[in-house]
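Below is start.cif, which holds mmCIF, C-alpha atoms.
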```cif
data_model
#
loop_
_atom_site.label_atom_id
_atom_site.label_comp_id
_atom_site.auth_asym_id
_atom_site.auth_seq_id
_atom_site.Cartn_x
_atom_site.Cartn_y
_atom_site.Cartn_z
CA MET A 1 0.00 0.00 0.00
CA VAL A 2 1.54 3.29 -1.09
CA GLN A 3 1.64 5.97 1.60
CA TYR A 4 0.92 9.39 0.08
CA LEU A 5 2.77 12.31 1.59
CA PRO A 6 2.03 16.05 1.53
CA ILE A 7 4.69 16.41 -1.20
CA ASP A 8 2.64 14.07 -3.43
CA ARG A 9 -0.43 16.25 -3.06
CA THR A 10 1.69 19.35 -3.68
CA PHE A 11 3.11 18.05 -6.96
CA ALA A 12 -0.28 16.68 -8.08
CA ALA A 13 -1.95 20.01 -7.29
CA LEU A 14 0.68 21.88 -9.36
CA GLY A 15 0.09 19.62 -12.38
CA ASP A 16 -2.66 21.81 -13.79
CA PRO A 17 -2.33 25.26 -15.42
CA THR A 18 -5.57 26.61 -13.89
CA ARG A 19 -4.47 25.62 -10.37
CA ARG A 20 -1.04 27.22 -10.85
CA SER A 21 -2.75 30.42 -12.09
CA VAL A 22 -5.04 30.38 -9.03
CA LEU A 23 -1.98 30.25 -6.74
CA GLU A 24 -0.38 33.15 -8.63
CA ARG A 25 -3.65 35.12 -8.37
CA LEU A 26 -3.97 34.45 -4.61
CA GLY A 27 -0.36 35.59 -4.21
CA ARG A 28 -1.72 39.07 -5.03
CA GLY A 29 -4.46 38.78 -2.36
CA SER A 30 -7.44 36.67 -1.32
CA ALA A 31 -10.41 36.15 -3.66
CA THR A 32 -13.82 34.47 -3.78
CA ILE A 33 -14.48 31.40 -5.93
CA THR A 34 -16.49 33.66 -8.30
CA GLU A 35 -13.59 36.10 -8.64
CA LEU A 36 -11.18 33.21 -9.23
CA ALA A 37 -13.43 31.68 -11.91
CA GLU A 38 -13.94 34.96 -13.82
CA PRO A 39 -10.70 35.17 -15.84
CA PHE A 40 -11.01 31.50 -16.87
CA ALA A 41 -13.71 30.08 -19.14
CA ILE A 42 -14.66 27.76 -16.29
CA SER A 43 -17.84 27.05 -14.28
CA LEU A 44 -18.06 27.77 -10.55
CA THR A 45 -18.30 24.01 -9.98
CA GLY A 46 -15.10 23.48 -11.98
CA MET A 47 -13.28 26.19 -10.02
CA LYS A 48 -14.57 24.72 -6.72
CA LYS A 49 -13.00 21.37 -7.66
CA HIS A 50 -9.64 23.01 -8.39
CA VAL A 51 -9.77 24.93 -5.11
CA ARG A 52 -10.59 21.69 -3.26
CA VAL A 53 -7.46 20.03 -4.70
CA LEU A 54 -5.36 23.04 -3.64
CA GLU A 55 -7.03 22.95 -0.20
CA ASP A 56 -6.24 19.23 0.24
CA ALA A 57 -2.61 20.05 -0.54
CA GLU A 58 -2.79 22.85 2.07
CA LEU A 59 -1.70 25.33 -0.59
CA VAL A 60 -4.96 27.23 -0.16
CA THR A 61 -7.32 27.85 2.76
CA THR A 62 -10.95 28.83 2.34
CA GLU A 63 -13.40 30.56 4.64
CA LYS A 64 -17.15 31.03 4.26
CA VAL A 65 -17.99 34.74 4.29
CA GLY A 66 -21.73 35.28 3.96
CA ARG A 67 -22.76 33.40 0.82
CA ALA A 68 -19.30 33.49 -0.73
CA ARG A 69 -16.22 31.38 -0.08
CA ARG A 70 -13.05 33.42 0.27
CA CYS A 71 -9.74 31.75 -0.69
CA SER A 72 -6.26 32.67 0.53
CA LEU A 73 -2.84 31.08 0.26
CA GLY A 74 -2.46 28.24 2.74
CA PRO A 75 0.14 27.22 5.32
CA GLN A 76 1.88 24.59 3.13
CA PRO A 77 4.73 26.19 1.24
CA LEU A 78 6.35 24.62 -1.80
CA GLU A 79 9.66 24.06 -0.02
CA ASP A 80 9.44 20.25 0.09
CA ALA A 81 8.74 20.11 -3.63
CA GLN A 82 11.54 22.59 -4.32
CA LEU A 83 14.02 20.62 -2.19
CA TRP A 84 13.14 17.35 -3.94
CA ILE A 85 13.67 18.86 -7.41
CA GLU A 86 16.94 20.52 -6.34
CA SER A 87 18.34 17.30 -4.87
CA TYR A 88 17.31 15.40 -8.02
CA GLN A 89 18.98 17.97 -10.29
CA ARG A 90 22.13 17.78 -8.14
CA MET A 91 22.15 14.00 -8.53
CA LEU A 92 21.92 14.42 -12.33
CA ASP A 93 24.74 17.00 -12.32
CA ASP A 94 26.97 14.67 -10.25
CA ARG A 95 26.27 11.90 -12.74
CA LEU A 96 27.27 14.18 -15.65
CA ASP A 97 30.44 15.19 -13.78
CA ARG A 98 31.39 11.55 -13.21
CA PHE A 99 30.72 10.81 -16.89
CA GLY A 100 32.94 13.78 -17.85
CA GLU A 101 35.75 12.56 -15.56
CA LEU A 102 35.47 9.09 -17.10
CA LEU A 103 35.75 10.59 -20.60
CA GLU A 104 38.82 12.60 -19.56
CA LYS A 105 40.41 9.49 -18.05
CA THR A 106 39.69 7.44 -21.18
CA LYS A 107 41.24 10.17 -23.36
CA GLY A 108 44.32 10.24 -21.13
CA GLU A 109 44.73 6.49 -21.50
CA SER A 110 44.34 6.37 -25.30
CA MET B 1 -10.55 24.11 -23.13
CA VAL B 2 -7.47 23.89 -20.95
CA GLN B 3 -4.21 23.45 -22.85
CA TYR B 4 -1.91 21.08 -20.96
CA LEU B 5 1.79 21.83 -21.19
CA PRO B 6 4.84 19.63 -20.58
CA ILE B 7 5.20 21.27 -17.14
CA ASP B 8 1.72 19.95 -16.19
CA ARG B 9 2.76 16.40 -17.06
CA THR B 10 6.03 16.90 -15.17
CA PHE B 11 4.32 18.00 -11.94
CA ALA B 12 1.61 15.32 -12.26
CA ALA B 13 4.27 12.63 -12.82
CA LEU B 14 6.15 13.78 -9.69
CA GLY B 15 3.01 13.54 -7.54
CA ASP B 16 3.59 9.90 -6.65
CA PRO B 17 6.25 8.45 -4.31
CA THR B 18 6.84 5.35 -6.47
CA ARG B 19 7.44 7.46 -9.57
CA ARG B 20 9.87 9.76 -7.74
CA SER B 21 11.74 6.68 -6.47
CA VAL B 22 11.90 5.29 -10.02
CA LEU B 23 13.52 8.54 -11.20
CA GLU B 24 16.05 8.38 -8.35
CA ARG B 25 16.78 4.72 -9.21
CA LEU B 26 17.25 5.50 -12.92
CA GLY B 27 19.61 8.30 -11.93
CA ARG B 28 21.98 5.52 -10.86
CA GLY B 29 21.65 3.76 -14.25
CA SER B 30 19.09 2.20 -16.60
CA ALA B 31 16.91 -0.72 -15.47
CA THR B 32 14.23 -3.08 -16.80
CA ILE B 33 10.61 -2.87 -15.64
CA THR B 34 11.19 -6.07 -13.61
CA GLU B 35 14.24 -4.55 -11.89
CA LEU B 36 12.28 -1.37 -11.16
CA ALA B 37 9.33 -3.28 -9.70
CA GLU B 38 11.49 -5.49 -7.41
CA PRO B 39 12.11 -3.10 -4.49
CA PHE B 40 8.42 -2.10 -4.40
CA ALA B 41 5.54 -4.36 -3.42
CA ILE B 42 4.05 -3.68 -6.86
CA SER B 43 2.99 -5.79 -9.85
CA LEU B 44 4.73 -5.52 -13.23
CA THR B 45 1.47 -4.07 -14.62
CA GLY B 46 1.46 -1.43 -11.87
CA MET B 47 5.09 -0.51 -12.57
CA LYS B 48 4.40 -0.37 -16.33
CA LYS B 49 1.65 2.18 -15.66
CA HIS B 50 3.99 4.34 -13.59
CA VAL B 51 6.68 4.12 -16.28
CA ARG B 52 4.11 5.10 -18.93
CA VAL B 53 3.23 8.27 -16.96
CA LEU B 54 6.95 9.11 -16.64
CA GLU B 55 7.40 8.39 -20.37
CA ASP B 56 4.48 10.69 -21.31
CA ALA B 57 6.18 13.42 -19.27
CA GLU B 58 9.43 12.64 -21.18
CA LEU B 59 11.17 12.08 -17.84
CA VAL B 60 11.90 8.48 -18.87
CA THR B 61 12.58 6.76 -22.19
CA THR B 62 12.09 3.04 -22.74
CA GLU B 63 13.52 0.64 -25.28
CA LYS B 64 12.57 -2.96 -26.00
CA VAL B 65 15.63 -5.21 -25.52
CA GLY B 66 14.72 -8.83 -26.27
CA ARG B 67 11.73 -9.63 -24.08
CA ALA B 68 12.47 -6.92 -21.55
CA ARG B 69 11.83 -3.16 -21.64
CA ARG B 70 14.82 -1.12 -20.55
CA CYS B 71 14.14 2.29 -18.95
CA SER B 72 16.49 5.28 -18.77
CA LEU B 73 16.15 8.90 -17.80
CA GLY B 74 14.55 10.90 -20.61
CA PRO B 75 15.28 14.18 -22.38
CA GLN B 76 12.86 16.34 -20.34
CA PRO B 77 14.66 17.84 -17.37
CA LEU B 78 12.86 19.28 -14.37
CA GLU B 79 14.03 22.81 -15.10
CA ASP B 80 10.61 24.20 -16.06
CA ALA B 81 9.08 22.85 -12.85
CA GLN B 82 12.01 24.18 -10.82
CA LEU B 83 11.76 27.64 -12.43
CA TRP B 84 8.01 27.84 -11.76
CA ILE B 85 8.44 26.96 -8.07
CA GLU B 86 11.35 29.39 -7.70
CA SER B 87 9.42 32.26 -9.27
CA TYR B 88 6.38 31.48 -7.08
CA GLN B 89 8.52 31.43 -3.91
CA ARG B 90 10.09 34.75 -4.97
CA MET B 91 6.61 36.24 -5.38
CA LEU B 92 5.71 35.06 -1.83
CA ASP B 93 8.96 36.52 -0.44
CA ASP B 94 8.28 39.88 -2.12
CA ARG B 95 4.80 39.87 -0.63
CA LEU B 96 6.24 39.22 2.85
CA ASP B 97 8.78 42.02 2.30
CA ARG B 98 6.02 44.45 1.31
CA PHE B 99 4.01 43.38 4.36
CA GLY B 100 7.08 43.96 6.57
CA GLU B 101 7.60 47.43 5.05
CA LEU B 102 3.95 48.26 5.65
CA LEU B 103 4.27 47.18 9.31
CA GLU B 104 7.40 49.34 9.74
CA LYS B 105 5.61 52.29 8.13
CA THR B 106 2.57 51.82 10.38
CA LYS B 107 4.84 51.65 13.44
CA GLY B 108 6.58 54.87 12.33
CA GLU B 109 3.26 56.62 12.03
CA SER B 110 1.87 55.54 15.41
#
```

Kindly return the structure encoded in the file as structure tokens.
Amino acid sequence: MVQYLPIDRTFAALGDPTRRSVLERLGRGSATITELAEPFAISLTGMKKHVRVLEDAELVTTEKVGRARRCSLGPQPLEDAQLWIESYQRMLDDRLDRFGELLEKTKGES
Amino acid sequence: MVQYLPIDRTFAALGDPTRRSVLERLGRGSATITELAEPFAISLTGMKKHVRVLEDAELVTTEKVGRARRCSLGPQPLEDAQLWIESYQRMLDDRLDRFGELLEKTKGES
């Protein structure tokens, strides 16, 4: 049984252009679902689903204000996702370096 | 109609612990589907599905060698994903800075 971690939900939430745009929009201040849906050709129901995915990943929090639902950026930053990508890129760079050293060594021997 | 970009497939592919482990494993060298499945309590069919998602995101390439399918790291690096996260974090930092400046200004005025 696979154990899903917050980082899984973070990456999955980021895998959609509308959800990334919503995060960028909320970075400029909180907004209702209606305000979030406006710039996209998307139904309120569709936007609610995206917000729910972002909420599950703790990237967004929502609060009922009267009849509207106000969304803000959540407590979960993207640091875990960033650290994973950075460590992966470092691993790839090390591998390239080792390959380069091997090439140099082979040239020296020929 | 939402247009999905390579970066969407990259993030979606990274949103699973098995798939991230497969990438880390392939960073140490190519492997067959059977070799990839071994350390996980996962069927060959399950591993094939994960590899297909990684292949669609161009993070992995596969090649039929005899009866086995050999997997290697693909041409699509994680740079786009890394750049998006970095620019998002920068936006959050700027927002915090502006908030800090506002607080200082308010203190000065009181």

Quick one: residues within 9 Å of Arg19 of chain B, all atoms listed in the file counted, chain neighbours fewer than 3 positions away excluded, as a VMD selection string? chain B and resid 13 to 16 22 to 24 47 50 to 51 53 to 54

Please, what is the axis-aligned box for every listed atom of segment 35-45 of chain B with 4 Å on each side, as centre and edge lengths in Å to one decimal, as AutoDock Vina command-line options?
```
--center_x 7.9 --center_y -3.6 --center_z -9.0 --size_x 20.8 --size_y 12.4 --size_z 19.2
```

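Residue nearest chain A, chosen from B:Arg20, B:Lys107, B:Lys48, B:Lys64 and counting only C-alpha atoms: B:Arg20.
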
Using all atoms listed in the file, I'd like a table of the residues in chain A that come within 9 Å of chain B; for each, show the closest atom pair and its distance in Å rounded to one decimal, ordered by chain and ascending number, as CSV.
```
residue,atom,partner,partner_atom,distance
A:Met1,CA,B:Ala41,CA,7.8
A:Val2,CA,B:Pro17,CA,7.7
A:Gln3,CA,B:Pro17,CA,7.9
A:Tyr4,CA,B:Pro17,CA,7.0
A:Leu5,CA,B:Pro17,CA,7.9
A:Ile7,CA,B:Gly15,CA,7.2
A:Asp8,CA,B:Gly15,CA,4.2
A:Arg9,CA,B:Gly15,CA,6.3
A:Thr10,CA,B:Gly15,CA,7.1
A:Phe11,CA,B:Gly15,CA,4.5
A:Ala12,CA,B:Gly15,CA,4.6
A:Ala13,CA,B:Ala12,CA,7.7
A:Leu14,CA,B:Phe11,CA,5.9
A:Gly15,CA,B:Asp8,CA,4.2
A:Asp16,CA,B:Asp8,CA,5.3
A:Pro17,CA,B:Asp8,CA,6.7
A:Thr18,CA,B:Val2,CA,7.8
A:Leu23,CA,B:Tyr88,CA,8.5
A:Glu24,CA,B:Tyr88,CA,7.1
A:Gly27,CA,B:Leu92,CA,6.5
A:Arg28,CA,B:Arg95,CA,7.9
A:Ala41,CA,B:Met1,CA,7.8
A:Ile42,CA,B:Met1,CA,8.8
A:Pro77,CA,B:Gln89,CA,8.3
A:Leu78,CA,B:Ile85,CA,7.0
A:Glu79,CA,B:Gln89,CA,8.4
A:Ala81,CA,B:Ile85,CA,8.2
A:Gln82,CA,B:Ile85,CA,6.5
A:Ile85,CA,B:Gln82,CA,6.5
A:Glu86,CA,B:Gln82,CA,7.6
A:Tyr88,CA,B:Glu24,CA,7.1
A:Gln89,CA,B:Leu78,CA,7.5
A:Met91,CA,B:Gly27,CA,7.1
A:Leu92,CA,B:Gly27,CA,6.6
A:Arg95,CA,B:Gly27,CA,7.6
```

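Interatomic distance, atom CA of Ser43 of chain B against atom CA of Ser72 of chain B: 19.6 Å.
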
Post-fit chain B coords, all in-order Cα pairs vs chain A, as a PDB file with C-alpha atoms, keeping the file's coordinate frame:
```pdb
ATOM      1  CA  MET B   1       0.085   0.015  -0.021  1.00  0.00           C
ATOM      2  CA  VAL B   2       1.602   3.299  -1.118  1.00  0.00           C
ATOM      3  CA  GLN B   3       1.705   5.977   1.575  1.00  0.00           C
ATOM      4  CA  TYR B   4       0.959   9.384   0.054  1.00  0.00           C
ATOM      5  CA  LEU B   5       2.790  12.318   1.586  1.00  0.00           C
ATOM      6  CA  PRO B   6       2.044  16.053   1.521  1.00  0.00           C
ATOM      7  CA  ILE B   7       4.700  16.426  -1.210  1.00  0.00           C
ATOM      8  CA  ASP B   8       2.662  14.071  -3.459  1.00  0.00           C
ATOM      9  CA  ARG B   9      -0.419  16.261  -3.066  1.00  0.00           C
ATOM     10  CA  THR B  10       1.711  19.359  -3.684  1.00  0.00           C
ATOM     11  CA  PHE B  11       3.129  18.069  -6.984  1.00  0.00           C
ATOM     12  CA  ALA B  12      -0.259  16.687  -8.098  1.00  0.00           C
ATOM     13  CA  ALA B  13      -1.937  20.030  -7.304  1.00  0.00           C
ATOM     14  CA  LEU B  14       0.695  21.888  -9.372  1.00  0.00           C
ATOM     15  CA  GLY B  15       0.106  19.647 -12.400  1.00  0.00           C
ATOM     16  CA  ASP B  16      -2.657  21.834 -13.801  1.00  0.00           C
ATOM     17  CA  PRO B  17      -2.324  25.280 -15.434  1.00  0.00           C
ATOM     18  CA  THR B  18      -5.559  26.616 -13.894  1.00  0.00           C
ATOM     19  CA  ARG B  19      -4.454  25.638 -10.395  1.00  0.00           C
ATOM     20  CA  ARG B  20      -1.025  27.243 -10.846  1.00  0.00           C
ATOM     21  CA  SER B  21      -2.740  30.427 -12.077  1.00  0.00           C
ATOM     22  CA  VAL B  22      -5.034  30.392  -9.028  1.00  0.00           C
ATOM     23  CA  LEU B  23      -1.974  30.258  -6.749  1.00  0.00           C
ATOM     24  CA  GLU B  24      -0.378  33.169  -8.627  1.00  0.00           C
ATOM     25  CA  ARG B  25      -3.657  35.130  -8.363  1.00  0.00           C
ATOM     26  CA  LEU B  26      -3.969  34.452  -4.617  1.00  0.00           C
ATOM     27  CA  GLY B  27      -0.381  35.614  -4.209  1.00  0.00           C
ATOM     28  CA  ARG B  28      -1.725  39.079  -5.034  1.00  0.00           C
ATOM     29  CA  GLY B  29      -4.462  38.792  -2.365  1.00  0.00           C
ATOM     30  CA  SER B  30      -7.441  36.661  -1.318  1.00  0.00           C
ATOM     31  CA  ALA B  31     -10.411  36.152  -3.658  1.00  0.00           C
ATOM     32  CA  THR B  32     -13.821  34.454  -3.761  1.00  0.00           C
ATOM     33  CA  ILE B  33     -14.480  31.395  -5.929  1.00  0.00           C
ATOM     34  CA  THR B  34     -16.495  33.642  -8.294  1.00  0.00           C
ATOM     35  CA  GLU B  35     -13.585  36.093  -8.611  1.00  0.00           C
ATOM     36  CA  LEU B  36     -11.185  33.207  -9.241  1.00  0.00           C
ATOM     37  CA  ALA B  37     -13.411  31.671 -11.918  1.00  0.00           C
ATOM     38  CA  GLU B  38     -13.936  34.973 -13.821  1.00  0.00           C
ATOM     39  CA  PRO B  39     -10.689  35.161 -15.832  1.00  0.00           C
ATOM     40  CA  PHE B  40     -11.005  31.493 -16.867  1.00  0.00           C
ATOM     41  CA  ALA B  41     -13.669  30.062 -19.151  1.00  0.00           C
ATOM     42  CA  ILE B  42     -14.640  27.739 -16.292  1.00  0.00           C
ATOM     43  CA  SER B  43     -17.807  27.030 -14.295  1.00  0.00           C
ATOM     44  CA  LEU B  44     -18.045  27.757 -10.562  1.00  0.00           C
ATOM     45  CA  THR B  45     -18.281  23.977  -9.997  1.00  0.00           C
ATOM     46  CA  GLY B  46     -15.076  23.468 -11.997  1.00  0.00           C
ATOM     47  CA  MET B  47     -13.264  26.172 -10.016  1.00  0.00           C
ATOM     48  CA  LYS B  48     -14.549  24.713  -6.721  1.00  0.00           C
ATOM     49  CA  LYS B  49     -12.991  21.369  -7.675  1.00  0.00           C
ATOM     50  CA  HIS B  50      -9.640  23.002  -8.406  1.00  0.00           C
ATOM     51  CA  VAL B  51      -9.780  24.917  -5.115  1.00  0.00           C
ATOM     52  CA  ARG B  52     -10.598  21.678  -3.264  1.00  0.00           C
ATOM     53  CA  VAL B  53      -7.457  20.016  -4.705  1.00  0.00           C
ATOM     54  CA  LEU B  54      -5.367  23.046  -3.657  1.00  0.00           C
ATOM     55  CA  GLU B  55      -7.026  22.957  -0.211  1.00  0.00           C
ATOM     56  CA  ASP B  56      -6.252  19.227   0.221  1.00  0.00           C
ATOM     57  CA  ALA B  57      -2.618  20.052  -0.565  1.00  0.00           C
ATOM     58  CA  GLU B  58      -2.824  22.857   2.063  1.00  0.00           C
ATOM     59  CA  LEU B  59      -1.693  25.333  -0.600  1.00  0.00           C
ATOM     60  CA  VAL B  60      -4.972  27.234  -0.167  1.00  0.00           C
ATOM     61  CA  THR B  61      -7.315  27.843   2.763  1.00  0.00           C
ATOM     62  CA  THR B  62     -10.957  28.810   2.343  1.00  0.00           C
ATOM     63  CA  GLU B  63     -13.409  30.527   4.645  1.00  0.00           C
ATOM     64  CA  LYS B  64     -17.152  31.000   4.263  1.00  0.00           C
ATOM     65  CA  VAL B  65     -17.979  34.738   4.311  1.00  0.00           C
ATOM     66  CA  GLY B  66     -21.736  35.249   3.966  1.00  0.00           C
ATOM     67  CA  ARG B  67     -22.760  33.378   0.831  1.00  0.00           C
ATOM     68  CA  ALA B  68     -19.311  33.461  -0.715  1.00  0.00           C
ATOM     69  CA  ARG B  69     -16.211  31.339  -0.049  1.00  0.00           C
ATOM     70  CA  ARG B  70     -13.057  33.392   0.306  1.00  0.00           C
ATOM     71  CA  CYS B  71      -9.751  31.733  -0.679  1.00  0.00           C
ATOM     72  CA  SER B  72      -6.252  32.639   0.516  1.00  0.00           C
ATOM     73  CA  LEU B  73      -2.844  31.063   0.265  1.00  0.00           C
ATOM     74  CA  GLY B  74      -2.481  28.236   2.782  1.00  0.00           C
ATOM     75  CA  PRO B  75       0.124  27.176   5.334  1.00  0.00           C
ATOM     76  CA  GLN B  76       1.874  24.572   3.134  1.00  0.00           C
ATOM     77  CA  PRO B  77       4.740  26.183   1.262  1.00  0.00           C
ATOM     78  CA  LEU B  78       6.359  24.625  -1.782  1.00  0.00           C
ATOM     79  CA  GLU B  79       9.659  24.071  -0.003  1.00  0.00           C
ATOM     80  CA  ASP B  80       9.451  20.264   0.101  1.00  0.00           C
ATOM     81  CA  ALA B  81       8.746  20.129  -3.634  1.00  0.00           C
ATOM     82  CA  GLN B  82      11.543  22.615  -4.316  1.00  0.00           C
ATOM     83  CA  LEU B  83      14.031  20.644  -2.182  1.00  0.00           C
ATOM     84  CA  TRP B  84      13.165  17.371  -3.940  1.00  0.00           C
ATOM     85  CA  ILE B  85      13.683  18.886  -7.406  1.00  0.00           C
ATOM     86  CA  GLU B  86      16.932  20.558  -6.327  1.00  0.00           C
ATOM     87  CA  SER B  87      18.346  17.343  -4.882  1.00  0.00           C
ATOM     88  CA  TYR B  88      17.323  15.419  -8.028  1.00  0.00           C
ATOM     89  CA  GLN B  89      18.987  18.006 -10.302  1.00  0.00           C
ATOM     90  CA  ARG B  90      22.131  17.825  -8.135  1.00  0.00           C
ATOM     91  CA  MET B  91      22.164  14.038  -8.538  1.00  0.00           C
ATOM     92  CA  LEU B  92      21.927  14.465 -12.355  1.00  0.00           C
ATOM     93  CA  ASP B  93      24.746  17.049 -12.317  1.00  0.00           C
ATOM     94  CA  ASP B  94      26.979  14.721 -10.274  1.00  0.00           C
ATOM     95  CA  ARG B  95      26.275  11.946 -12.750  1.00  0.00           C
ATOM     96  CA  LEU B  96      27.269  14.220 -15.656  1.00  0.00           C
ATOM     97  CA  ASP B  97      30.434  15.220 -13.765  1.00  0.00           C
ATOM     98  CA  ARG B  98      31.361  11.568 -13.209  1.00  0.00           C
ATOM     99  CA  PHE B  99      30.695  10.859 -16.888  1.00  0.00           C
ATOM    100  CA  GLY B 100      32.929  13.814 -17.849  1.00  0.00           C
ATOM    101  CA  GLU B 101      35.710  12.541 -15.555  1.00  0.00           C
ATOM    102  CA  LEU B 102      35.417   9.085 -17.085  1.00  0.00           C
ATOM    103  CA  LEU B 103      35.711  10.578 -20.599  1.00  0.00           C
ATOM    104  CA  GLU B 104      38.811  12.568 -19.564  1.00  0.00           C
ATOM    105  CA  LYS B 105      40.331   9.436 -18.020  1.00  0.00           C
ATOM    106  CA  THR B 106      39.603   7.399 -21.158  1.00  0.00           C
ATOM    107  CA  LYS B 107      41.169  10.127 -23.314  1.00  0.00           C
ATOM    108  CA  GLY B 108      44.265  10.127 -21.068  1.00  0.00           C
ATOM    109  CA  GLU B 109      44.617   6.400 -21.469  1.00  0.00           C
ATOM    110  CA  SER B 110      44.252   6.314 -25.261  1.00  0.00           C
TER     111      SER B 110
END
```

Is it possible to add N, CA and C atoms to segment 13-35 of chain A and hand it back as an mmCIF file, in the coordinates of the input?
```cif
data_model
loop_
_atom_site.group_PDB
_atom_site.id
_atom_site.type_symbol
_atom_site.label_atom_id
_atom_site.label_comp_id
_atom_site.auth_asym_id
_atom_site.auth_seq_id
_atom_site.Cartn_x
_atom_site.Cartn_y
_atom_site.Cartn_z
ATOM 1 N N ALA A 13 -1.174 18.774 -7.200
ATOM 2 C CA ALA A 13 -1.950 20.010 -7.290
ATOM 3 C C ALA A 13 -1.333 20.968 -8.320
ATOM 4 N N LEU A 14 0.002 20.944 -8.435
ATOM 5 C CA LEU A 14 0.680 21.880 -9.360
ATOM 6 C C LEU A 14 0.582 21.424 -10.812
ATOM 7 N N GLY A 15 0.127 20.187 -11.033
ATOM 8 C CA GLY A 15 0.090 19.620 -12.380
ATOM 9 C C GLY A 15 -1.095 20.072 -13.215
ATOM 10 N N ASP A 16 -1.530 21.298 -13.023
ATOM 11 C CA ASP A 16 -2.660 21.810 -13.790
ATOM 12 C C ASP A 16 -2.505 23.319 -13.951
ATOM 13 N N PRO A 17 -2.590 23.832 -15.179
ATOM 14 C CA PRO A 17 -2.330 25.260 -15.420
ATOM 15 C C PRO A 17 -3.315 26.179 -14.698
ATOM 16 N N THR A 18 -4.590 25.759 -14.594
ATOM 17 C CA THR A 18 -5.570 26.610 -13.890
ATOM 18 C C THR A 18 -5.191 26.715 -12.415
ATOM 19 N N ARG A 19 -4.813 25.578 -11.807
ATOM 20 C CA ARG A 19 -4.470 25.620 -10.370
ATOM 21 C C ARG A 19 -3.214 26.461 -10.131
ATOM 22 N N ARG A 20 -2.232 26.372 -11.033
ATOM 23 C CA ARG A 20 -1.040 27.220 -10.850
ATOM 24 C C ARG A 20 -1.421 28.697 -10.979
ATOM 25 N N SER A 21 -2.310 29.022 -11.928
ATOM 26 C CA SER A 21 -2.750 30.420 -12.090
ATOM 27 C C SER A 21 -3.495 30.902 -10.853
ATOM 28 N N VAL A 22 -4.301 30.011 -10.249
ATOM 29 C CA VAL A 22 -5.040 30.380 -9.030
ATOM 30 C C VAL A 22 -4.050 30.744 -7.918
ATOM 31 N N LEU A 23 -2.991 29.946 -7.770
ATOM 32 C CA LEU A 23 -1.980 30.250 -6.740
ATOM 33 C C LEU A 23 -1.341 31.616 -7.009
ATOM 34 N N GLU A 24 -0.997 31.861 -8.291
ATOM 35 C CA GLU A 24 -0.380 33.150 -8.630
ATOM 36 C C GLU A 24 -1.361 34.297 -8.320
ATOM 37 N N ARG A 25 -2.626 34.097 -8.657
ATOM 38 C CA ARG A 25 -3.650 35.120 -8.370
ATOM 39 C C ARG A 25 -3.769 35.366 -6.871
ATOM 40 N N LEU A 26 -3.810 34.290 -6.069
ATOM 41 C CA LEU A 26 -3.970 34.450 -4.610
ATOM 42 C C LEU A 26 -2.715 35.060 -3.986
ATOM 43 N N GLY A 27 -1.593 34.931 -4.665
ATOM 44 C CA GLY A 27 -0.360 35.590 -4.210
ATOM 45 C C GLY A 27 -0.529 37.102 -4.191
ATOM 46 N N ARG A 28 -1.474 37.618 -5.002
ATOM 47 C CA ARG A 28 -1.720 39.070 -5.030
ATOM 48 C C ARG A 28 -2.832 39.464 -4.065
ATOM 49 N N GLY A 29 -3.407 38.475 -3.336
ATOM 50 C CA GLY A 29 -4.460 38.780 -2.360
ATOM 51 C C GLY A 29 -5.577 37.759 -2.441
ATOM 52 N N SER A 30 -6.377 37.675 -1.368
ATOM 53 C CA SER A 30 -7.440 36.670 -1.320
ATOM 54 C C SER A 30 -8.545 36.990 -2.327
ATOM 55 N N ALA A 31 -9.361 35.983 -2.655
ATOM 56 C CA ALA A 31 -10.410 36.150 -3.660
ATOM 57 C C ALA A 31 -11.511 35.132 -3.429
ATOM 58 N N THR A 32 -12.728 35.448 -3.869
ATOM 59 C CA THR A 32 -13.820 34.470 -3.780
ATOM 60 C C THR A 32 -13.721 33.501 -4.963
ATOM 61 N N ILE A 33 -14.453 32.384 -4.846
ATOM 62 C CA ILE A 33 -14.480 31.400 -5.930
ATOM 63 C C ILE A 33 -14.947 32.088 -7.228
ATOM 64 N N THR A 34 -15.962 32.947 -7.125
ATOM 65 C CA THR A 34 -16.490 33.660 -8.300
ATOM 66 C C THR A 34 -15.404 34.522 -8.940
ATOM 67 N N GLU A 35 -14.672 35.255 -8.110
ATOM 68 C CA GLU A 35 -13.590 36.100 -8.640
ATOM 69 C C GLU A 35 -12.491 35.259 -9.283
#
```
